[in-house]
Amino acid sequence: MFTRQTHVFKVASDCEIKAEVFRSSDQAVRPVIFFLHGGALILGDRHTLPQEQVEKYVGAGYAIVSIDYRLAPEVNFEAVIEDIEDGYRWMVEKGPDLFRVDPRRIVVVGHSVGGFLALLTGFRANPRPKVVSSFHGYGDPTGDWLSRPSNYYNAQPAVSREQAFHAMRGPVITGTAFEGDEFDSRNQFYLYCRQHGLWPKEVTGHCPHEEPKWYDQYCPLRNVTKSFPPTIFVHGEEDFDVPIEQPRLMLKELERHGVPHELVAVPGRGHSFDHENKGMKDFVVAGVFEKLLAFAAKHV
């Protein structure tokens, strides 16, 4: 059994930005998982962590803090990162009293773009997490895989710029479901960006080919040092959204700097395979989480 709490950790752009906290019902001080949802910075919310994964983490002795952040492109990229860093700081400063977590024992877990955000905490957060876990994530948001037209997405029906921006002109929001009309409309923006290689430019306002240096402060691949936290990657070998070369590039840098690391490469699986129907009943998915928890246990 676990308890569930909702907290407002920040107010910005006339939005309450919230965190969902899960933990066992006892009074023990727990290590904490700081969870960052996926959705290309334009979709998703703090509720996207499946309940069976919540149960797995809580059963392993962790509390979980899953946060929202303002979504692009209604806000710029710097505002998104500000929310991540403010949420992390709030957890460190307020978490011990509000929900009895140990701020010295933090594991950051992110899925897809959340994996990228998790890697950002590896060199931007204070204190640095003890472990970073990137599911289906990436360390280089400037690479051709993301900043050039995608063959995979161009095999799908073309999305016009007018279609792409139709749903992106409203007020600032902090989350969406991964279904329904709102998802379908906002997903058109993502398809358009990938079909034209424009995602980095549209969410940051900076072209990686014209202003590559601007990305230095936000590129995990360029910021690996010996102080980077131990890092584990989970990635499907058939991921056509984020190629498996992305974690492999990070592994080379982690190896070069002597940082503990592991890649759980899963044959035959695609993007976000851990969210598929069988979930934890799939022995492959269950095995992935056992490896993740074993890795974390070595360092937390």
# chains A, B, ... in the order shown; residues from 1 in each chain; ligands from 1
call {"tool": "select_by_dssp", "arguments": {"residues": "region 117-267 of chain A", "states": "strand (DSSP E or B)", "output": "PDB file with N, CA and C atoms, in the first residue's frame"}}
result
ATOM      1  N   VAL A 131      21.880   8.879  -8.731  1.00  0.00           N
ATOM      2  CA  VAL A 131      21.729   8.051  -9.931  1.00  0.00           C
ATOM      3  C   VAL A 131      20.814   8.782 -10.902  1.00  0.00           C
ATOM      4  N   VAL A 132      21.127   8.672 -12.184  1.00  0.00           N
ATOM      5  CA  VAL A 132      20.235   9.133 -13.251  1.00  0.00           C
ATOM      6  C   VAL A 132      19.813   7.926 -14.075  1.00  0.00           C
ATOM      7  N   SER A 133      18.519   7.853 -14.379  1.00  0.00           N
ATOM      8  CA  SER A 133      17.991   6.770 -15.209  1.00  0.00           C
ATOM      9  C   SER A 133      17.219   7.366 -16.378  1.00  0.00           C
ATOM     10  N   SER A 134      17.659   7.061 -17.587  1.00  0.00           N
ATOM     11  CA  SER A 134      17.031   7.581 -18.796  1.00  0.00           C
ATOM     12  C   SER A 134      16.368   6.443 -19.563  1.00  0.00           C
ATOM     13  N   PHE A 135      15.036   6.458 -19.600  1.00  0.00           N
ATOM     14  CA  PHE A 135      14.278   5.519 -20.418  1.00  0.00           C
ATOM     15  C   PHE A 135      14.024   6.160 -21.779  1.00  0.00           C
ATOM     16  N   THR A 231      24.879   6.425 -14.193  1.00  0.00           N
ATOM     17  CA  THR A 231      23.747   6.582 -15.110  1.00  0.00           C
ATOM     18  C   THR A 231      23.408   5.249 -15.763  1.00  0.00           C
ATOM     19  N   ILE A 232      22.106   4.945 -15.802  1.00  0.00           N
ATOM     20  CA  ILE A 232      21.629   3.746 -16.471  1.00  0.00           C
ATOM     21  C   ILE A 232      20.618   4.144 -17.542  1.00  0.00           C
ATOM     22  N   PHE A 233      20.769   3.536 -18.714  1.00  0.00           N
ATOM     23  CA  PHE A 233      19.883   3.797 -19.844  1.00  0.00           C
ATOM     24  C   PHE A 233      19.066   2.544 -20.134  1.00  0.00           C
ATOM     25  N   VAL A 234      17.793   2.749 -20.448  1.00  0.00           N
ATOM     26  CA  VAL A 234      16.921   1.677 -20.924  1.00  0.00           C
ATOM     27  C   VAL A 234      16.430   2.093 -22.296  1.00  0.00           C
ATOM     28  N   HIS A 235      16.643   1.236 -23.303  1.00  0.00           N
ATOM     29  CA  HIS A 235      16.337   1.667 -24.667  1.00  0.00           C
ATOM     30  C   HIS A 235      16.006   0.468 -25.544  1.00  0.00           C
ATOM     31  N   GLY A 236      14.921   0.591 -26.297  1.00  0.00           N
ATOM     32  CA  GLY A 236      14.591  -0.433 -27.273  1.00  0.00           C
ATOM     33  C   GLY A 236      15.469  -0.319 -28.503  1.00  0.00           C
ATOM     34  N   HIS A 261      28.174   3.239 -15.368  1.00  0.00           N
ATOM     35  CA  HIS A 261      27.091   3.339 -16.337  1.00  0.00           C
ATOM     36  C   HIS A 261      26.647   1.954 -16.773  1.00  0.00           C
ATOM     37  N   GLU A 262      25.459   1.902 -17.324  1.00  0.00           N
ATOM     38  CA  GLU A 262      24.924   0.649 -17.864  1.00  0.00           C
ATOM     39  C   GLU A 262      23.889   0.989 -18.923  1.00  0.00           C
ATOM     40  N   LEU A 263      23.867   0.199 -19.989  1.00  0.00           N
ATOM     41  CA  LEU A 263      22.837   0.301 -21.011  1.00  0.00           C
ATOM     42  C   LEU A 263      22.065  -1.008 -21.054  1.00  0.00           C
ATOM     43  N   VAL A 264      20.765  -0.927 -20.788  1.00  0.00           N
ATOM     44  CA  VAL A 264      19.886  -2.080 -20.951  1.00  0.00           C
ATOM     45  C   VAL A 264      19.235  -1.927 -22.321  1.00  0.00           C
ATOM     46  N   ALA A 265      19.846  -2.552 -23.324  1.00  0.00           N
ATOM     47  CA  ALA A 265      19.340  -2.488 -24.698  1.00  0.00           C
ATOM     48  C   ALA A 265      18.402  -3.668 -24.914  1.00  0.00           C
ATOM     49  N   VAL A 266      17.184  -3.391 -25.347  1.00  0.00           N
ATOM     50  CA  VAL A 266      16.151  -4.417 -25.416  1.00  0.00           C
ATOM     51  C   VAL A 266      15.851  -4.745 -26.877  1.00  0.00           C
TER      52      VAL A 266
END
call {"tool": "residues_around", "arguments": {"residues": "Asp241 (chain A)", "least_positions_apart": "3", "cutoff": "12 Å", "atoms": "only C-alpha atoms", "output": "ChimeraX atom specification"}}
result
/A:39-40,112-113,136-138,145-146,150-153,190-191,194-195,235-238,244-246,269-273
call {"tool": "select_by_dssp", "arguments": {"residues": "region 22-130 of chain A", "states": "alpha helix (DSSP H)", "output": "PyMOL selection string"}}
result
chain A and resi 51-59+77-99+113-124
call {"tool": "residues_around", "arguments": {"residues": "Ala28 (chain A)", "least_positions_apart": "5", "cutoff": "12 Å", "atoms": "only C-alpha atoms", "output": "PyMOL selection string"}}
result
chain A and resi 23+61-63+96-97+99-102
call {"tool": "residues_around", "arguments": {"residues": "Arg186 (chain A)", "least_positions_apart": "3", "cutoff": "10 Å", "atoms": "only C-alpha atoms", "output": "ChimeraX atom specification"}}
result
/A:42-43,163-168,176,181-183,189-191
